[in-house]
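Note: the block below is final_35.cif and it holds mmCIF, C-alpha atoms.
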data_protein
#
loop_
_atom_site.group_PDB
_atom_site.id
_atom_site.type_symbol
_atom_site.label_atom_id
_atom_site.label_comp_id
_atom_site.auth_asym_id
_atom_site.auth_seq_id
_atom_site.Cartn_x
_atom_site.Cartn_y
_atom_site.Cartn_z
ATOM 1 C CA MET A 7 61.176 -13.999 48.869
ATOM 2 C CA ASP A 8 59.686 -12.050 51.771
ATOM 3 C CA THR A 9 60.308 -8.304 51.530
ATOM 4 C CA GLN A 10 60.842 -8.234 55.301
ATOM 5 C CA TRP A 11 63.955 -10.327 54.753
ATOM 6 C CA LEU A 12 65.249 -7.590 52.445
ATOM 7 C CA ARG A 13 64.458 -4.848 54.964
ATOM 8 C CA THR A 14 66.225 -6.797 57.702
ATOM 9 C CA PHE A 15 69.244 -7.341 55.469
ATOM 10 C CA VAL A 16 69.496 -3.657 54.463
ATOM 11 C CA VAL A 17 69.374 -2.448 58.075
ATOM 12 C CA ALA A 18 71.848 -5.131 59.185
ATOM 13 C CA ALA A 19 74.176 -4.187 56.316
ATOM 14 C CA GLU A 20 74.034 -0.529 57.372
ATOM 15 C CA THR A 21 74.611 -1.174 61.076
ATOM 16 C CA LEU A 22 76.844 -4.270 60.785
ATOM 17 C CA ASN A 23 75.355 -5.258 64.109
ATOM 18 C CA PHE A 24 72.408 -7.649 64.437
ATOM 19 C CA ARG A 25 71.492 -6.311 67.880
ATOM 20 C CA LYS A 26 71.289 -2.718 66.617
ATOM 21 C CA ALA A 27 69.394 -3.929 63.566
ATOM 22 C CA SER A 28 66.864 -5.678 65.793
ATOM 23 C CA GLU A 29 66.357 -2.467 67.817
ATOM 24 C CA LYS A 30 65.815 -0.379 64.696
ATOM 25 C CA LEU A 31 63.408 -2.899 63.203
ATOM 26 C CA LEU A 32 61.602 -3.600 66.497
ATOM 27 C CA LEU A 33 62.343 -7.295 66.075
ATOM 28 C CA SER A 34 64.059 -9.787 68.329
ATOM 29 C CA GLN A 35 67.701 -10.525 67.570
ATOM 30 C CA PRO A 36 66.981 -14.210 66.797
ATOM 31 C CA THR A 37 64.365 -13.069 64.256
ATOM 32 C CA VAL A 38 66.986 -10.904 62.514
ATOM 33 C CA THR A 39 69.335 -13.898 62.387
ATOM 34 C CA VAL A 40 66.580 -16.106 60.908
ATOM 35 C CA HIS A 41 65.704 -13.504 58.258
ATOM 36 C CA ILE A 42 69.338 -13.243 57.163
ATOM 37 C CA LYS A 43 69.715 -17.035 57.061
ATOM 38 C CA LEU A 44 66.541 -17.459 54.968
ATOM 39 C CA LEU A 45 67.642 -14.711 52.573
ATOM 40 C CA GLU A 46 71.102 -16.273 52.160
ATOM 41 C CA GLU A 47 69.471 -19.617 51.391
ATOM 42 C CA HIS A 48 67.154 -17.956 48.868
ATOM 43 C CA VAL A 49 69.873 -16.104 46.930
ATOM 44 C CA GLY A 50 72.354 -18.973 47.292
ATOM 45 C CA VAL A 51 75.308 -16.970 48.631
ATOM 46 C CA ARG A 52 76.667 -15.952 52.015
ATOM 47 C CA LEU A 53 75.978 -12.248 52.621
ATOM 48 C CA PHE A 54 77.775 -11.787 55.948
ATOM 49 C CA ASP A 55 80.998 -13.056 57.461
ATOM 50 C CA ARG A 56 80.776 -13.673 61.201
ATOM 51 C CA ILE A 57 84.199 -13.679 62.916
ATOM 52 C CA ASN A 58 84.696 -13.345 66.690
ATOM 53 C CA ASN A 59 81.195 -11.931 67.159
ATOM 54 C CA ARG A 60 81.870 -9.282 64.508
ATOM 55 C CA VAL A 61 79.749 -9.022 61.374
ATOM 56 C CA THR A 62 81.066 -7.828 58.014
ATOM 57 C CA LEU A 63 79.600 -7.909 54.528
ATOM 58 C CA THR A 64 81.025 -10.353 52.040
ATOM 59 C CA ASP A 65 81.741 -9.166 48.493
ATOM 60 C CA ALA A 66 78.415 -10.680 47.488
ATOM 61 C CA GLY A 67 76.762 -8.885 50.423
ATOM 62 C CA ARG A 68 78.112 -5.513 49.314
ATOM 63 C CA LEU A 69 76.846 -6.103 45.788
ATOM 64 C CA PHE A 70 73.450 -7.291 47.007
ATOM 65 C CA TYR A 71 73.065 -4.371 49.430
ATOM 66 C CA ALA A 72 72.979 -1.853 46.569
ATOM 67 C CA GLU A 73 70.395 -3.949 44.701
ATOM 68 C CA ALA A 74 68.250 -4.565 47.778
ATOM 69 C CA ALA A 75 68.221 -0.881 48.744
ATOM 70 C CA LYS A 76 67.152 0.013 45.208
ATOM 71 C CA LEU A 77 64.398 -2.606 45.212
ATOM 72 C CA LEU A 78 62.995 -1.403 48.545
ATOM 73 C CA ALA A 79 63.107 2.259 47.485
ATOM 74 C CA GLY A 80 61.175 1.410 44.320
ATOM 75 C CA LEU A 81 58.646 -0.652 46.268
ATOM 76 C CA ASP A 82 58.118 2.089 48.864
ATOM 77 C CA ASP A 83 57.714 4.670 46.114
ATOM 78 C CA SER A 84 55.061 2.542 44.399
ATOM 79 C CA VAL A 85 53.170 2.015 47.655
ATOM 80 C CA ASN A 86 53.279 5.760 48.393
ATOM 81 C CA ARG A 87 51.891 6.516 44.950
ATOM 82 C CA MET A 88 49.027 4.088 45.522
ATOM 83 C CA HIS A 89 48.292 5.670 48.911
ATOM 84 C CA ALA A 90 48.224 9.077 47.236
ATOM 85 C CA PHE A 91 45.881 7.736 44.556
ATOM 86 C CA ALA A 92 43.575 6.330 47.238
ATOM 87 C CA GLN A 93 43.475 9.772 48.892
ATOM 88 C CA GLY A 94 42.267 11.359 45.671
ATOM 89 C CA TYR A 95 45.609 12.538 44.268
ATOM 90 C CA ARG A 96 46.055 11.784 40.571
ATOM 91 C CA ARG A 97 49.210 13.744 39.819
ATOM 92 C CA MET A 98 52.481 14.432 41.594
ATOM 93 C CA TRP A 99 54.281 17.754 41.246
ATOM 94 C CA THR A 100 57.491 18.945 42.881
ATOM 95 C CA ILE A 101 58.902 22.430 43.190
ATOM 96 C CA ALA A 102 62.193 23.621 44.661
ATOM 97 C CA ILE A 103 62.323 26.949 46.455
ATOM 98 C CA SER A 104 65.114 28.768 48.229
ATOM 99 C CA PRO A 105 64.863 29.381 51.983
ATOM 100 C CA LEU A 106 64.671 33.126 51.267
ATOM 101 C CA MET A 107 61.423 32.691 49.351
ATOM 102 C CA ALA A 108 59.907 29.932 51.452
ATOM 103 C CA GLU A 109 58.784 32.261 54.232
ATOM 104 C CA THR A 110 57.562 35.125 52.052
ATOM 105 C CA ILE A 111 55.770 34.375 48.787
ATOM 106 C CA LEU A 112 55.183 30.644 49.096
ATOM 107 C CA PRO A 113 52.364 30.253 51.686
ATOM 108 C CA TYR A 114 49.856 32.492 49.891
ATOM 109 C CA LEU A 115 50.631 31.020 46.466
ATOM 110 C CA LEU A 116 50.372 27.449 47.681
ATOM 111 C CA ARG A 117 46.992 28.036 49.296
ATOM 112 C CA THR A 118 45.400 29.302 46.090
ATOM 113 C CA PHE A 119 47.250 26.811 43.871
ATOM 114 C CA MET A 120 46.227 23.785 45.964
ATOM 115 C CA GLU A 121 42.608 24.917 46.062
ATOM 116 C CA LYS A 122 42.571 24.925 42.252
ATOM 117 C CA HIS A 123 44.420 21.603 41.904
ATOM 118 C CA ALA A 124 43.008 19.307 44.574
ATOM 119 C CA ASP A 125 44.096 16.240 42.570
ATOM 120 C CA VAL A 126 47.798 17.158 42.809
ATOM 121 C CA GLU A 127 50.100 15.782 45.483
ATOM 122 C CA LEU A 128 52.564 18.612 45.940
ATOM 123 C CA THR A 129 56.109 18.190 47.234
ATOM 124 C CA ILE A 130 58.144 21.227 48.342
ATOM 125 C CA ARG A 131 61.930 20.970 48.396
ATOM 126 C CA VAL A 132 63.659 23.819 50.208
ATOM 127 C CA GLU A 133 67.077 24.078 48.580
ATOM 128 C CA GLU A 134 69.794 26.706 48.287
ATOM 129 C CA SER A 135 69.511 28.778 45.102
ATOM 130 C CA GLU A 136 72.831 27.405 43.807
ATOM 131 C CA LYS A 137 71.294 23.902 43.582
ATOM 132 C CA ILE A 138 67.851 24.707 42.199
ATOM 133 C CA GLU A 139 68.744 25.107 38.517
ATOM 134 C CA ARG A 140 70.538 21.733 38.453
ATOM 135 C CA LEU A 141 67.488 20.058 40.026
ATOM 136 C CA VAL A 142 65.230 21.563 37.326
ATOM 137 C CA ASP A 143 67.643 20.553 34.580
ATOM 138 C CA ALA A 144 67.884 16.973 35.888
ATOM 139 C CA GLY A 145 64.100 16.660 36.063
ATOM 140 C CA GLU A 146 64.147 16.097 39.831
ATOM 141 C CA VAL A 147 61.742 19.021 40.264
ATOM 142 C CA HIS A 148 59.180 20.445 37.858
ATOM 143 C CA LEU A 149 59.833 24.091 38.697
ATOM 144 C CA GLY A 150 62.200 26.168 40.797
ATOM 145 C CA ILE A 151 61.964 29.543 42.523
ATOM 146 C CA SER A 152 65.458 30.931 42.936
ATOM 147 C CA ALA A 153 67.411 34.054 43.807
ATOM 148 C CA LEU A 154 69.737 33.255 40.881
ATOM 149 C CA ASP A 155 69.069 33.666 37.170
ATOM 150 C CA ALA A 156 69.402 30.628 34.899
ATOM 151 C CA ALA A 157 72.815 29.828 33.455
ATOM 152 C CA LEU A 158 72.178 26.472 31.758
ATOM 153 C CA LYS A 159 70.954 26.038 28.207
ATOM 154 C CA GLY A 160 67.410 24.793 27.978
ATOM 155 C CA ILE A 161 66.273 26.362 31.262
ATOM 156 C CA GLU A 162 63.782 29.194 30.893
ATOM 157 C CA SER A 163 64.123 31.964 33.463
ATOM 158 C CA ILE A 164 61.189 34.241 34.306
ATOM 159 C CA ARG A 165 61.881 37.260 36.506
ATOM 160 C CA VAL A 166 59.110 37.362 39.110
ATOM 161 C CA TYR A 167 59.897 40.551 41.008
ATOM 162 C CA ASN A 168 62.649 42.946 42.033
ATOM 163 C CA ASP A 169 63.374 43.454 45.711
ATOM 164 C CA PRO A 170 65.211 46.460 47.195
ATOM 165 C CA ILE A 171 67.872 45.760 49.802
ATOM 166 C CA VAL A 172 67.303 47.662 53.056
ATOM 167 C CA PHE A 173 69.390 48.308 56.160
ATOM 168 C CA ILE A 174 67.861 46.605 59.227
ATOM 169 C CA THR A 175 68.578 47.177 62.923
ATOM 170 C CA PRO A 176 67.007 46.068 66.218
ATOM 171 C CA THR A 177 64.219 48.204 67.619
ATOM 172 C CA ASP A 178 65.022 50.772 70.288
ATOM 173 C CA SER A 179 62.968 52.362 73.044
ATOM 174 C CA TYR A 180 61.735 55.171 70.789
ATOM 175 C CA ASP A 181 59.101 55.074 68.093
ATOM 176 C CA GLU A 182 60.190 56.111 64.619
ATOM 177 C CA GLU A 183 58.372 59.485 64.731
ATOM 178 C CA SER A 184 59.537 60.801 68.116
ATOM 179 C CA GLY A 185 62.941 59.151 68.441
ATOM 180 C CA PRO A 186 66.246 60.717 67.319
ATOM 181 C CA PRO A 187 67.441 59.622 63.860
ATOM 182 C CA ILE A 188 69.681 56.584 63.875
ATOM 183 C CA ASP A 189 73.264 57.219 62.809
ATOM 184 C CA VAL A 190 73.772 54.271 60.422
ATOM 185 C CA GLU A 191 77.561 54.603 60.496
ATOM 186 C CA GLU A 192 77.542 54.381 64.272
ATOM 187 C CA ALA A 193 75.123 51.432 64.135
ATOM 188 C CA LEU A 194 77.445 49.611 61.756
ATOM 189 C CA LEU A 195 80.501 50.204 63.921
ATOM 190 C CA ARG A 196 78.743 49.395 67.208
ATOM 191 C CA ASN A 197 77.245 46.064 66.026
ATOM 192 C CA TYR A 198 78.268 42.979 64.139
ATOM 193 C CA LEU A 199 77.156 43.041 60.519
ATOM 194 C CA LEU A 200 75.428 39.717 59.709
ATOM 195 C CA THR A 201 76.408 38.684 56.183
ATOM 196 C CA HIS A 202 76.152 36.057 53.431
ATOM 197 C CA HIS A 203 72.503 35.062 53.813
ATOM 198 C CA HIS A 204 71.858 35.854 50.133
ATOM 199 C CA PRO A 205 73.801 34.408 47.159
ATOM 200 C CA VAL A 206 73.969 37.579 45.052
ATOM 201 C CA TYR A 207 74.871 40.898 46.629
ATOM 202 C CA TRP A 208 77.184 40.396 49.575
ATOM 203 C CA GLU A 209 80.628 40.405 47.959
ATOM 204 C CA ASP A 210 80.105 43.696 46.078
ATOM 205 C CA LEU A 211 78.222 45.282 48.977
ATOM 206 C CA LEU A 212 81.038 44.574 51.437
ATOM 207 C CA VAL A 213 83.641 46.129 49.125
ATOM 208 C CA VAL A 214 81.671 49.385 48.913
ATOM 209 C CA LEU A 215 80.765 49.314 52.608
ATOM 210 C CA HIS A 216 84.369 48.980 53.780
ATOM 211 C CA LYS A 217 85.296 52.049 51.734
ATOM 212 C CA HIS A 218 82.633 54.135 53.482
ATOM 213 C CA VAL A 219 82.822 52.588 56.948
ATOM 214 C CA PRO A 220 86.254 51.061 57.645
ATOM 215 C CA GLY A 221 86.377 48.802 60.672
ATOM 216 C CA VAL A 222 82.988 47.107 60.290
ATOM 217 C CA ARG A 223 82.991 43.723 62.065
ATOM 218 C CA THR A 224 81.207 40.944 60.186
ATOM 219 C CA MET A 225 79.651 37.636 61.156
ATOM 220 C CA LYS A 226 78.545 35.123 58.527
ATOM 221 C CA VAL A 227 74.982 33.902 59.095
ATOM 222 C CA THR A 228 73.959 31.904 56.049
ATOM 223 C CA GLN A 229 70.181 31.757 56.618
ATOM 224 C CA ALA A 230 68.048 34.900 56.351
ATOM 225 C CA HIS A 231 65.522 33.789 58.989
ATOM 226 C CA ILE A 232 68.363 33.251 61.469
ATOM 227 C CA ALA A 233 69.809 36.671 60.633
ATOM 228 C CA LYS A 234 66.389 38.240 61.312
ATOM 229 C CA ARG A 235 66.147 36.482 64.674
ATOM 230 C CA PHE A 236 69.668 37.551 65.644
ATOM 231 C CA ILE A 237 68.848 41.183 64.823
ATOM 232 C CA GLN A 238 65.658 41.029 66.885
ATOM 233 C CA GLU A 239 67.733 39.700 69.797
ATOM 234 C CA GLY A 240 70.177 42.606 69.451
ATOM 235 C CA LEU A 241 73.061 40.500 68.133
ATOM 236 C CA GLY A 242 73.746 42.583 65.037
ATOM 237 C CA VAL A 243 72.499 44.529 62.019
ATOM 238 C CA SER A 244 72.253 43.568 58.375
ATOM 239 C CA PHE A 245 71.162 44.342 54.828
ATOM 240 C CA LEU A 246 68.173 42.227 53.782
ATOM 241 C CA PRO A 247 65.671 42.095 50.893
ATOM 242 C CA HIS A 248 62.630 44.155 51.845
ATOM 243 C CA SER A 249 60.182 41.288 51.226
ATOM 244 C CA ILE A 250 61.975 39.180 53.842
ATOM 245 C CA VAL A 251 61.452 41.748 56.620
ATOM 246 C CA ARG A 252 58.205 43.423 55.537
ATOM 247 C CA ARG A 253 56.088 41.784 58.244
ATOM 248 C CA GLU A 254 58.592 42.404 61.034
ATOM 249 C CA LEU A 255 58.875 46.090 60.036
ATOM 250 C CA THR A 256 55.086 46.477 59.986
ATOM 251 C CA GLU A 257 54.765 44.844 63.405
ATOM 252 C CA GLY A 258 57.580 46.929 64.894
ATOM 253 C CA ARG A 259 59.883 43.988 65.583
ATOM 254 C CA LEU A 260 62.687 45.422 63.404
ATOM 255 C CA MET A 261 63.697 48.924 62.288
ATOM 256 C CA GLN A 262 64.708 50.312 58.898
ATOM 257 C CA PRO A 263 66.769 53.476 59.435
ATOM 258 C CA HIS A 264 67.258 55.851 56.528
ATOM 259 C CA PHE A 265 70.450 54.735 54.766
ATOM 260 C CA ASP A 266 72.236 57.359 52.676
ATOM 261 C CA LEU A 267 75.910 56.334 52.713
ATOM 262 C CA PHE A 268 75.576 54.904 49.191
ATOM 263 C CA GLN A 269 72.921 53.386 46.950
ATOM 264 C CA LEU A 270 71.873 49.896 47.993
ATOM 265 C CA PRO A 271 71.343 47.206 45.341
ATOM 266 C CA THR A 272 68.182 45.490 44.177
ATOM 267 C CA VAL A 273 67.868 41.721 43.809
ATOM 268 C CA SER A 274 65.488 39.617 41.742
ATOM 269 C CA THR A 275 63.565 36.386 42.147
ATOM 270 C CA PHE A 276 63.281 33.994 39.216
ATOM 271 C CA ILE A 277 61.104 31.067 38.219
ATOM 272 C CA LEU A 278 63.204 28.379 36.536
ATOM 273 C CA VAL A 279 61.495 25.802 34.348
ATOM 274 C CA LYS A 280 62.574 23.304 31.696
ATOM 275 C CA LYS A 281 59.227 22.061 30.408
ATOM 276 C CA LYS A 282 55.988 23.991 30.669
ATOM 277 C CA GLY A 283 52.975 21.790 31.261
ATOM 278 C CA GLU A 284 49.557 22.763 32.529
ATOM 279 C CA LEU A 285 50.664 23.004 36.163
ATOM 280 C CA GLU A 286 53.782 25.014 35.379
ATOM 281 C CA GLU A 287 51.803 27.474 33.243
ATOM 282 C CA ASP A 288 49.163 27.897 35.931
ATOM 283 C CA PHE A 289 51.709 28.414 38.711
ATOM 284 C CA ILE A 290 53.486 31.072 36.636
ATOM 285 C CA ARG A 291 50.155 32.828 36.024
ATOM 286 C CA GLU A 292 49.362 32.763 39.769
ATOM 287 C CA ILE A 293 52.691 34.220 40.821
ATOM 288 C CA SER A 294 52.630 36.834 38.039
ATOM 289 C CA ALA A 295 49.121 37.925 39.043
ATOM 290 C CA TYR A 296 50.240 38.234 42.663
ATOM 291 C CA TYR A 297 53.122 40.573 41.845
ATOM 292 C CA PHE A 298 51.946 42.330 38.708
ATOM 293 C CA GLY A 299 48.174 42.320 39.130
#
Show how you would write the structure in this file as structure tokens.
Amino acid sequence: MDTQWLRTFVVAAETLNFRKASEKLLLSQPTVTVHIKLLEEHVGVRLFDRINNRVTLTDAGRLFYAEAAKLLAGLDDSVNRMHAFAQGYRRMWTIAISPLMAETILPYLLRTFMEKHADVELTIRVEESEKIERLVDAGEVHLGISALDAALKGIESIRVYNDPIVFITPTDSYDEESGPPIDVEEALLRNYLLTHHHPVYWEDLLVVLHKHVPGVRTMKVTQAHIAKRFIQEGLGVSFLPHSIVRRELTEGRLMQPHFDLFQLPTVSTFILVKKKGELEEDFIREISAYYFG
């Protein structure tokens, strides 16, 4: 059986339209028809019903689609592994990291880690913290970096660092030394408060905030990098982990007014791991050295 017949069948089964299948596969429509006919002859069953120029899968076609898709995925995976081997990679390693961490700690760590492990093909999955522990537990990733502590049995959680939450506003026309102090209460009432871009602190923080500053208007922005951009564009203010905005504060693209209405929380970052092999141990050492010297 020609694997191209399988690929043609899978695309045709997904589109239920031989013309669209031919466009996706960069084949002529008669070629798609021939591939399907040859495959049906090979497996000995009809895979499609053709009624009034409409194409539908038969019961056998629906059953075979699941098997064909699985076969092609396995074949593609094997070919990719061989390509990686030919490029000098001998091991594959996958980590999951939350969007919050992806733009702060990850680039430096990856550079040093990849220099030490040139034989490793590394895959980065950017996932929300709520999903990372399940991915580690299921063995879909070797290690996770999450804003949430582990809750499942068998998952080891290693606290990497603590991060203070800071109040962030757009820059104004003054520099921080010569300009008048920013009234944080006024800033909160004058702007939208961008919320829910971290999985830990927002619910409790909003309860306390509304007691001190009634009438605050909120806008949910679920990604921290989007919240930062909105603040820079003057669309609101927010409370963010310091590590997320450190560069922008240094470069003068955001401001951190003194906040004394109440004590702001601290959040933590955790490494989640189920099995510690050589790569996991080394990655933990690298990240620990970065934060704790």
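For the pair CA of Tyr198 (chain A) and CA of Val227 (chain A), the interatomic distance is 10.9 Å.
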- Item | Matched chain/residue IDs from the PyMOL selection byres ((chain A and resi 7) around 8), as a ChimeraX atom specification | /A:8-9,11,45,48
- Task: Please write the residues picked by the PyMOL selection byres ((chain A and resi 149) around 12) on this file as a ChimeraX atom specification.
- Result: /A:99-104,128-131,138-148,150-152,161-164,276-283,285-290
Using the chain letters and residue numbers of this document, give as a CSV table (one decimal) with C-alpha atoms, in the coordinates of the input the residues selected by the PyMOL selection byres ((chain A and resi 250-264) around 6).
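The resulting file, result36.csv, is shown below:
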chain,number,residue,atom,x,y,z
A,173,PHE,CA,69.4,48.3,56.2
A,174,ILE,CA,67.9,46.6,59.2
A,175,THR,CA,68.6,47.2,62.9
A,176,PRO,CA,67.0,46.1,66.2
A,177,THR,CA,64.2,48.2,67.6
A,247,PRO,CA,65.7,42.1,50.9
A,248,HIS,CA,62.6,44.2,51.8
A,249,SER,CA,60.2,41.3,51.2
A,265,PHE,CA,70.4,54.7,54.8
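One finds CA of His41 (chain A) at 14.7 Å from CA of Tyr71 (chain A).
One distance worth recording is that between CA of Asp210 (chain A) and CA of Leu195 (chain A), which is 19.0 Å.
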Size and centre in Å, one decimal, axis-aligned box, all listed region 55-69 of chain A atoms plus 5 Å per side, as AutoDock Vina command-line options:
--center_x 80.7 --center_y -9.6 --center_z 56.5 --size_x 17.9 --size_y 18.2 --size_z 31.4
Tell me, as a tab-separated table (two decimals) with C-alpha atoms, in the coordinates of the input, which residues lie within 10 Å of Ser34 (chain A), counting only C-alpha atoms; anything in the same chain fewer than 5 positions away does not count.
chain	number	residue	atom	x	y	z
A	24	PHE	CA	72.41	-7.65	64.44
A	25	ARG	CA	71.49	-6.31	67.88
A	27	ALA	CA	69.39	-3.93	63.57
A	28	SER	CA	66.86	-5.68	65.79
A	29	GLU	CA	66.36	-2.47	67.82
A	39	THR	CA	69.33	-13.90	62.39
- Item | Counting only C-alpha atoms, the residue of A:Pro205, A:Pro170, A:Pro36, A:Pro220 that sits nearest Pro105 (chain A) | A:Pro205
